[in-house]
>>> print(open('work-v1.cif').read())   # mmCIF, C-alpha atoms
data_model
#
loop_
_atom_site.group_PDB
_atom_site.id
_atom_site.type_symbol
_atom_site.label_atom_id
_atom_site.label_comp_id
_atom_site.auth_asym_id
_atom_site.auth_seq_id
_atom_site.Cartn_x
_atom_site.Cartn_y
_atom_site.Cartn_z
ATOM 1 C CA MET A 1 -129.565 8.095 246.906
ATOM 2 C CA ALA A 2 -130.306 4.434 247.612
ATOM 3 C CA PHE A 3 -133.795 3.111 246.879
ATOM 4 C CA GLN A 4 -134.304 2.202 250.532
ATOM 5 C CA GLU A 5 -133.322 5.708 251.633
ATOM 6 C CA LYS A 6 -135.863 7.195 249.233
ATOM 7 C CA SER A 7 -138.396 4.720 250.611
ATOM 8 C CA ALA A 8 -137.600 5.881 254.164
ATOM 9 C CA TRP A 9 -138.209 9.521 253.129
ATOM 10 C CA ILE A 10 -141.568 8.596 251.594
ATOM 11 C CA MET A 11 -142.685 6.628 254.634
ATOM 12 C CA SER A 12 -141.568 9.451 256.945
ATOM 13 C CA LEU A 13 -143.655 11.896 254.932
ATOM 14 C CA ALA A 14 -146.627 9.506 254.943
ATOM 15 C CA LEU A 15 -146.410 9.005 258.709
ATOM 16 C CA LEU A 16 -146.009 12.726 259.338
ATOM 17 C CA LEU A 17 -148.973 13.707 257.155
ATOM 18 C CA GLY A 18 -151.094 10.825 258.465
ATOM 19 C CA GLY A 19 -150.235 11.673 262.080
ATOM 20 C CA LEU A 20 -150.971 15.367 261.588
ATOM 21 C CA PHE A 21 -154.313 14.481 259.998
ATOM 22 C CA TYR A 22 -155.247 11.974 262.724
ATOM 23 C CA PHE A 23 -154.347 14.085 265.744
ATOM 24 C CA GLY A 24 -155.639 17.228 264.009
ATOM 25 C CA VAL A 25 -159.078 15.622 263.707
ATOM 26 C CA VAL A 26 -158.894 14.333 267.300
ATOM 27 C CA ALA A 27 -158.040 17.847 268.509
ATOM 28 C CA TRP A 28 -160.906 19.317 266.488
ATOM 29 C CA MET A 29 -163.426 16.717 267.748
ATOM 30 C CA SER A 30 -162.246 17.269 271.322
ATOM 31 C CA SER A 31 -162.718 21.025 271.018
ATOM 32 C CA GLN A 32 -166.270 20.446 269.728
ATOM 33 C CA ILE A 33 -167.365 18.204 272.626
ATOM 34 C CA GLY A 34 -165.327 19.979 275.299
ATOM 35 C CA GLU A 35 -163.382 16.872 276.414
ATOM 36 C CA LEU A 36 -160.971 14.342 274.976
ATOM 37 C CA ALA A 37 -162.795 12.664 272.082
ATOM 38 C CA PRO A 38 -162.906 8.863 272.208
ATOM 39 C CA PRO A 39 -160.969 6.946 269.549
ATOM 40 C CA ILE A 40 -163.203 6.006 266.620
ATOM 41 C CA LEU A 41 -162.643 3.252 264.098
ATOM 42 C CA PRO A 42 -163.499 5.261 260.918
ATOM 43 C CA LEU A 43 -160.778 7.805 261.754
ATOM 44 C CA VAL A 44 -158.209 5.040 262.240
ATOM 45 C CA ALA A 45 -159.374 3.548 258.913
ATOM 46 C CA VAL A 46 -158.977 6.886 257.087
ATOM 47 C CA TYR A 47 -155.515 7.337 258.654
ATOM 48 C CA THR A 48 -154.533 3.865 257.437
ATOM 49 C CA VAL A 49 -155.840 4.556 253.922
ATOM 50 C CA ILE A 50 -153.881 7.856 253.753
ATOM 51 C CA LEU A 51 -150.734 6.004 254.806
ATOM 52 C CA ILE A 52 -151.254 3.229 252.243
ATOM 53 C CA ILE A 53 -152.032 5.627 249.359
ATOM 54 C CA ILE A 54 -148.941 7.803 249.990
ATOM 55 C CA ALA A 55 -146.769 4.687 250.395
ATOM 56 C CA ILE A 56 -148.011 3.040 247.195
ATOM 57 C CA VAL A 57 -147.909 6.173 245.031
ATOM 58 C CA GLY A 58 -144.512 7.192 246.407
ATOM 59 C CA HIS A 59 -142.955 3.771 245.874
ATOM 60 C CA VAL A 60 -144.385 3.456 242.362
ATOM 61 C CA VAL A 61 -142.852 6.821 241.447
ATOM 62 C CA ILE A 62 -139.369 5.983 242.765
ATOM 63 C CA ALA A 63 -139.542 2.478 241.243
ATOM 64 C CA VAL A 64 -140.366 3.949 237.826
ATOM 65 C CA PHE A 65 -137.218 6.094 237.974
ATOM 66 C CA ALA A 66 -135.009 3.252 239.263
ATOM 67 C CA PRO A 67 -136.604 -0.113 238.370
ATOM 68 C CA LYS A 68 -133.375 -2.061 238.866
ATOM 69 C CA ASP A 69 -132.821 -0.675 242.368
ATOM 70 C CA ALA A 70 -136.443 -1.420 243.274
ATOM 71 C CA ASN A 71 -135.932 -5.126 242.608
ATOM 72 C CA THR A 72 -132.619 -5.383 244.435
ATOM 73 C CA ALA A 73 -132.559 -7.144 247.801
ATOM 74 C CA LEU A 74 -130.966 -5.430 250.808
ATOM 75 C CA ASP A 75 -127.197 -5.784 250.847
ATOM 76 C CA GLU A 76 -125.046 -6.359 253.951
ATOM 77 C CA ARG A 77 -124.726 -2.653 254.801
ATOM 78 C CA GLU A 78 -128.446 -2.028 254.372
ATOM 79 C CA ARG A 79 -129.279 -5.023 256.579
ATOM 80 C CA GLN A 80 -127.079 -3.524 259.306
ATOM 81 C CA ILE A 81 -128.807 -0.153 258.893
ATOM 82 C CA PHE A 82 -132.257 -1.747 259.126
ATOM 83 C CA ASP A 83 -131.296 -3.877 262.129
ATOM 84 C CA ARG A 84 -129.873 -0.920 264.041
ATOM 85 C CA ALA A 85 -132.808 1.372 263.207
ATOM 86 C CA GLY A 86 -135.303 -1.326 264.214
ATOM 87 C CA HIS A 87 -133.449 -1.954 267.466
ATOM 88 C CA LEU A 88 -133.316 1.734 268.452
ATOM 89 C CA SER A 89 -136.924 2.438 267.473
ATOM 90 C CA GLY A 90 -137.939 -0.447 269.754
ATOM 91 C CA TYR A 91 -136.740 1.659 272.702
ATOM 92 C CA VAL A 92 -138.873 4.575 271.493
ATOM 93 C CA VAL A 93 -142.073 2.538 271.442
ATOM 94 C CA GLY A 94 -141.145 0.940 274.779
ATOM 95 C CA VAL A 95 -140.682 4.296 276.495
ATOM 96 C CA GLY A 96 -143.851 5.653 274.861
ATOM 97 C CA VAL A 97 -145.969 2.727 276.065
ATOM 98 C CA LEU A 98 -144.512 2.970 279.583
ATOM 99 C CA LEU A 99 -145.287 6.702 279.700
ATOM 100 C CA SER A 100 -148.826 6.034 278.435
ATOM 101 C CA LEU A 101 -149.362 3.369 281.088
ATOM 102 C CA GLY A 102 -148.007 5.728 283.746
ATOM 103 C CA LEU A 103 -150.356 8.437 282.517
ATOM 104 C CA TYR A 104 -153.266 6.002 282.775
ATOM 105 C CA LEU A 105 -152.460 5.308 286.432
ATOM 106 C CA PHE A 106 -152.899 9.011 287.161
ATOM 107 C CA SER A 107 -155.806 9.788 284.818
ATOM 108 C CA TYR A 108 -157.724 6.457 284.506
ATOM 109 C CA SER A 109 -158.548 7.626 280.992
ATOM 110 C CA GLY A 110 -158.709 4.763 278.519
ATOM 111 C CA ASN A 111 -158.944 7.286 275.676
ATOM 112 C CA LEU A 112 -155.692 8.917 276.724
ATOM 113 C CA LEU A 113 -154.079 5.487 276.999
ATOM 114 C CA PHE A 114 -155.179 4.653 273.434
ATOM 115 C CA TYR A 115 -153.847 7.921 272.028
ATOM 116 C CA GLY A 116 -150.614 7.576 273.983
ATOM 117 C CA VAL A 117 -149.932 4.079 272.669
ATOM 118 C CA PHE A 118 -151.018 5.023 269.139
ATOM 119 C CA ALA A 119 -148.748 8.079 269.152
ATOM 120 C CA SER A 120 -145.894 5.935 270.500
ATOM 121 C CA LEU A 121 -146.290 3.553 267.578
ATOM 122 C CA MET A 122 -146.295 6.450 265.096
ATOM 123 C CA ILE A 123 -143.287 8.151 266.699
ATOM 124 C CA SER A 124 -141.262 4.935 266.919
ATOM 125 C CA GLN A 125 -141.950 4.181 263.256
ATOM 126 C CA LEU A 126 -140.965 7.729 262.343
ATOM 127 C CA ALA A 127 -137.820 7.358 264.460
ATOM 128 C CA GLU A 128 -136.972 4.113 262.658
ATOM 129 C CA TYR A 129 -137.082 5.827 259.260
ATOM 130 C CA ALA A 130 -135.190 8.873 260.569
ATOM 131 C CA ILE A 131 -132.436 6.619 261.969
ATOM 132 C CA GLN A 132 -132.270 4.720 258.664
ATOM 133 C CA ILE A 133 -131.801 8.000 256.777
ATOM 134 C CA PHE A 134 -129.170 9.166 259.273
ATOM 135 C CA LEU A 135 -127.234 5.882 258.996
ATOM 136 C CA TYR A 136 -127.438 5.891 255.196
ATOM 137 C CA ARG A 137 -125.798 9.303 255.237
ATOM 138 C CA SER A 138 -123.343 9.006 258.108
ATOM 139 C CA GLY A 139 -122.232 5.391 257.922
ATOM 140 C CA VAL A 140 -122.971 2.274 259.962
ATOM 141 C CA MET B 141 -120.766 12.931 260.117
ATOM 142 C CA GLY B 142 -120.075 9.345 261.212
ATOM 143 C CA ARG B 143 -117.100 7.815 263.008
ATOM 144 C CA ARG B 144 -114.141 7.199 260.674
ATOM 145 C CA SER B 145 -113.056 3.590 260.391
ATOM 146 C CA PRO B 146 -109.375 2.785 261.060
ATOM 147 C CA ILE B 147 -109.535 0.626 257.936
ATOM 148 C CA THR B 148 -108.479 2.450 254.785
ATOM 149 C CA ASN B 149 -108.731 1.092 251.272
ATOM 150 C CA ARG B 150 -107.560 1.524 247.695
ATOM 151 C CA VAL B 151 -110.843 0.517 246.058
ATOM 152 C CA ARG B 152 -111.168 3.707 244.036
ATOM 153 C CA GLU B 153 -107.582 3.549 242.819
ATOM 154 C CA LEU B 154 -107.941 -0.123 241.858
ATOM 155 C CA ARG B 155 -111.195 0.615 240.037
ATOM 156 C CA ASP B 156 -109.420 3.253 237.969
ATOM 157 C CA LYS B 157 -106.570 0.849 237.210
ATOM 158 C CA HIS B 158 -109.098 -1.800 236.236
ATOM 159 C CA GLY B 159 -110.254 -0.085 233.074
ATOM 160 C CA SER B 160 -112.217 2.595 234.898
ATOM 161 C CA MET B 161 -114.637 0.082 236.365
ATOM 162 C CA THR B 162 -117.705 1.898 237.647
ATOM 163 C CA GLN B 163 -118.965 1.715 241.227
ATOM 164 C CA ALA B 164 -122.139 0.034 239.946
ATOM 165 C CA GLU B 165 -120.108 -2.616 238.086
ATOM 166 C CA LEU B 166 -118.043 -3.387 241.172
ATOM 167 C CA GLY B 167 -121.207 -3.474 243.288
ATOM 168 C CA ASP B 168 -122.829 -5.939 240.883
ATOM 169 C CA ALA B 169 -119.678 -8.079 240.861
ATOM 170 C CA ILE B 170 -119.632 -8.510 244.635
ATOM 171 C CA GLY B 171 -123.362 -8.331 245.346
ATOM 172 C CA VAL B 172 -123.797 -4.939 247.006
ATOM 173 C CA THR B 173 -125.383 -1.666 245.915
ATOM 174 C CA ARG B 174 -123.503 1.212 244.278
ATOM 175 C CA GLN B 175 -124.185 3.272 247.423
ATOM 176 C CA THR B 176 -122.378 0.682 249.524
ATOM 177 C CA ILE B 177 -119.330 0.867 247.247
ATOM 178 C CA ILE B 178 -119.411 4.663 247.631
ATOM 179 C CA ALA B 179 -119.605 4.274 251.434
ATOM 180 C CA ILE B 180 -116.640 1.837 251.377
ATOM 181 C CA GLU B 181 -114.542 4.191 249.241
ATOM 182 C CA GLN B 182 -115.333 7.132 251.522
ATOM 183 C CA GLY B 183 -114.451 5.107 254.629
ATOM 184 C CA ARG B 184 -117.994 5.319 255.974
ATOM 185 C CA TYR B 185 -118.481 1.557 255.910
ATOM 186 C CA SER B 186 -116.140 -1.352 256.515
ATOM 187 C CA PRO B 187 -117.304 -4.325 254.437
ATOM 188 C CA SER B 188 -117.698 -7.830 255.799
ATOM 189 C CA LEU B 189 -114.719 -10.148 255.439
ATOM 190 C CA GLU B 190 -116.535 -11.990 252.654
ATOM 191 C CA SER B 191 -117.151 -8.803 250.662
ATOM 192 C CA ALA B 192 -113.578 -7.658 251.266
ATOM 193 C CA PHE B 193 -112.297 -10.932 249.795
ATOM 194 C CA ARG B 194 -114.730 -10.608 246.887
ATOM 195 C CA ILE B 195 -113.441 -7.094 246.112
ATOM 196 C CA ALA B 196 -109.833 -8.308 246.224
ATOM 197 C CA ARG B 197 -110.679 -11.230 243.910
ATOM 198 C CA VAL B 198 -112.364 -8.895 241.406
ATOM 199 C CA PHE B 199 -109.125 -6.922 241.172
ATOM 200 C CA GLY B 200 -106.975 -10.068 241.252
ATOM 201 C CA VAL B 201 -104.939 -8.904 244.232
ATOM 202 C CA GLY B 202 -104.471 -9.908 247.851
ATOM 203 C CA LEU B 203 -106.704 -8.589 250.625
ATOM 204 C CA GLU B 204 -103.962 -6.429 252.129
ATOM 205 C CA GLU B 205 -103.370 -4.728 248.818
ATOM 206 C CA VAL B 206 -106.923 -3.408 249.000
ATOM 207 C CA PHE B 207 -107.496 -2.857 252.718
ATOM 208 C CA ARG B 208 -105.092 -1.592 255.346
ATOM 209 C CA TRP B 209 -105.327 -0.941 259.070
ATOM 210 C CA ASP B 210 -104.198 2.630 259.762
ATOM 211 C CA GLU B 211 -103.250 3.197 263.431
#
>>> encode(input="work-v1.cif", output="structure tokens")
Amino acid sequence: MAFQEKSAWIMSLALLLGGLFYFGVVAWMSSQIGELAPPILPLVAVYTVILIIIAIVGHVVIAVFAPKDANTALDERERQIFDRAGHLSGYVVGVGVLLSLGLYLFSYSGNLLFYGVFASLMISQLAEYAIQIFLYRSGV
Amino acid sequence: MGRRSPITNRVRELRDKHGSMTQAELGDAIGVTRQTIIAIEQGRYSPSLESAFRIARVFGVGLEEVFRWDE
């Protein structure tokens, strides 16, 4: 498996765990106060730290097992994979933001708008890594 | 899985003829990863014209002796 594909698996796992943690806490806070909890900076900070720790530890581990691959620049096929995944994931975030804005027009909830856009960013990033993995395995 | 390319190649056969050159050695020689050589050999990736010429030069043969368009 290519280093970049392993990296995509690690980042997918990090995003999935981070997202589950973040929205799990939001759901718990909302159930405590009986309405949608407002976004709070410390929770976003903890989410970011979780993401960074998993990314760093994961990449150190795969780099230790394949130090040469870790220092290799993307080749022509990998650049195509990254370009295509980035292009397609752009649609995901675009649709997510549009849906969030549409939801705001009906709810006038700034909190919901924040969570919608935040979730769109997470999902599009996850989609980008998933598409990378798919293209690594199926061909460009 | 992915769509098959109409371009077929003899990279694996030429590697074997070239003193059992490994995929990693060929990848290093033309500046791509071992995984990309595997993808080329399996027909999952058609290399750029530059890389195709580089592969042919490594084996000391013409481009059409390595790659062929199969209708």
>>> residues_around(input="work-v1.cif", residues="Thr176 in chain B", least_positions_apart="3", cutoff="9 Å", atoms="all atoms listed in the file", output="short mmCIF file (atom, residue, chain, number, x, y, z; two decimals) with C-alpha atoms, in the frame of the given file")
data_model
loop_
_atom_site.label_atom_id
_atom_site.label_comp_id
_atom_site.auth_asym_id
_atom_site.auth_seq_id
_atom_site.Cartn_x
_atom_site.Cartn_y
_atom_site.Cartn_z
CA ALA A 2 -130.31 4.43 247.61
CA ASP A 75 -127.20 -5.78 250.85
CA GLU A 76 -125.05 -6.36 253.95
CA ARG A 77 -124.73 -2.65 254.80
CA GLU A 78 -128.45 -2.03 254.37
CA GLY B 167 -121.21 -3.47 243.29
CA VAL B 172 -123.80 -4.94 247.01
CA THR B 173 -125.38 -1.67 245.92
CA ALA B 179 -119.60 4.27 251.43
CA ILE B 180 -116.64 1.84 251.38
CA GLU B 181 -114.54 4.19 249.24
CA TYR B 185 -118.48 1.56 255.91
CA PRO B 187 -117.30 -4.32 254.44
#
>>> closest_residue(input="work-v1.cif", among="B:Gly159, B:Glu153, B:Pro146, B:Gln182", to="chain A", atoms="all atoms listed in the file")
B:Gln182
>>> residues_around(input="work-v1.cif", residues="Val206 in chain B", least_positions_apart="4", cutoff="10 Å", atoms="only C-alpha atoms", output="ChimeraX atom specification")
/B:148-154,192-193,195-196,199,201-202
>>> residues_near_point(input="work-v1.cif", point="(-127.3, 1.1, 236.0)", cutoff="9 Å", atoms="all atoms listed in the file", output="list in words")
Ala66, Lys68 and Asp69 of chain A; Ala164 and Glu165 of chain B
>>> resolve_selection(input="work-v1.cif", expression="the PyMOL selection byres ((chain A and resi 99) around 12)", output="PyMOL selection string")
chain A and resi 92-98+100-106+112-117+119-120
>>> closest_residue(input="work-v1.cif", among="A:Ala73, A:Leu121, A:Ala130, A:Ile50", to="chain B", atoms="only C-alpha atoms")
A:Ala73
>>> closest_residue(input="work-v1.cif", among="B:Val198, B:Met161, B:Leu189, B:Leu203", to="chain A", atoms="only C-alpha atoms")
B:Leu189
>>> atom_distance(input="work-v1.cif", atom1="CA of Leu43 in chain A", atom2="CA of Ser124 in chain A")
20.4 Å
>>> closest_residue(input="work-v1.cif", among="A:Ile123, A:Asn71, A:Gly18, A:Gly34", to="Val49 in chain A", atoms="all atoms listed in the file")
A:Gly18
>>> residues_around(input="work-v1.cif", residues="Ser145 in chain B", least_positions_apart="5", cutoff="9 Å", atoms="only C-alpha atoms", output="compact mmCIF listing (two decimals) with C-alpha atoms, in the coordinates of the input")
# COMPACT_ATOMS: atom_id res chain seq x y z
CA GLY B 183 -114.45 5.11 254.63
CA ARG B 184 -117.99 5.32 255.97
CA TYR B 185 -118.48 1.56 255.91
CA SER B 186 -116.14 -1.35 256.52
CA ASP B 210 -104.20 2.63 259.76
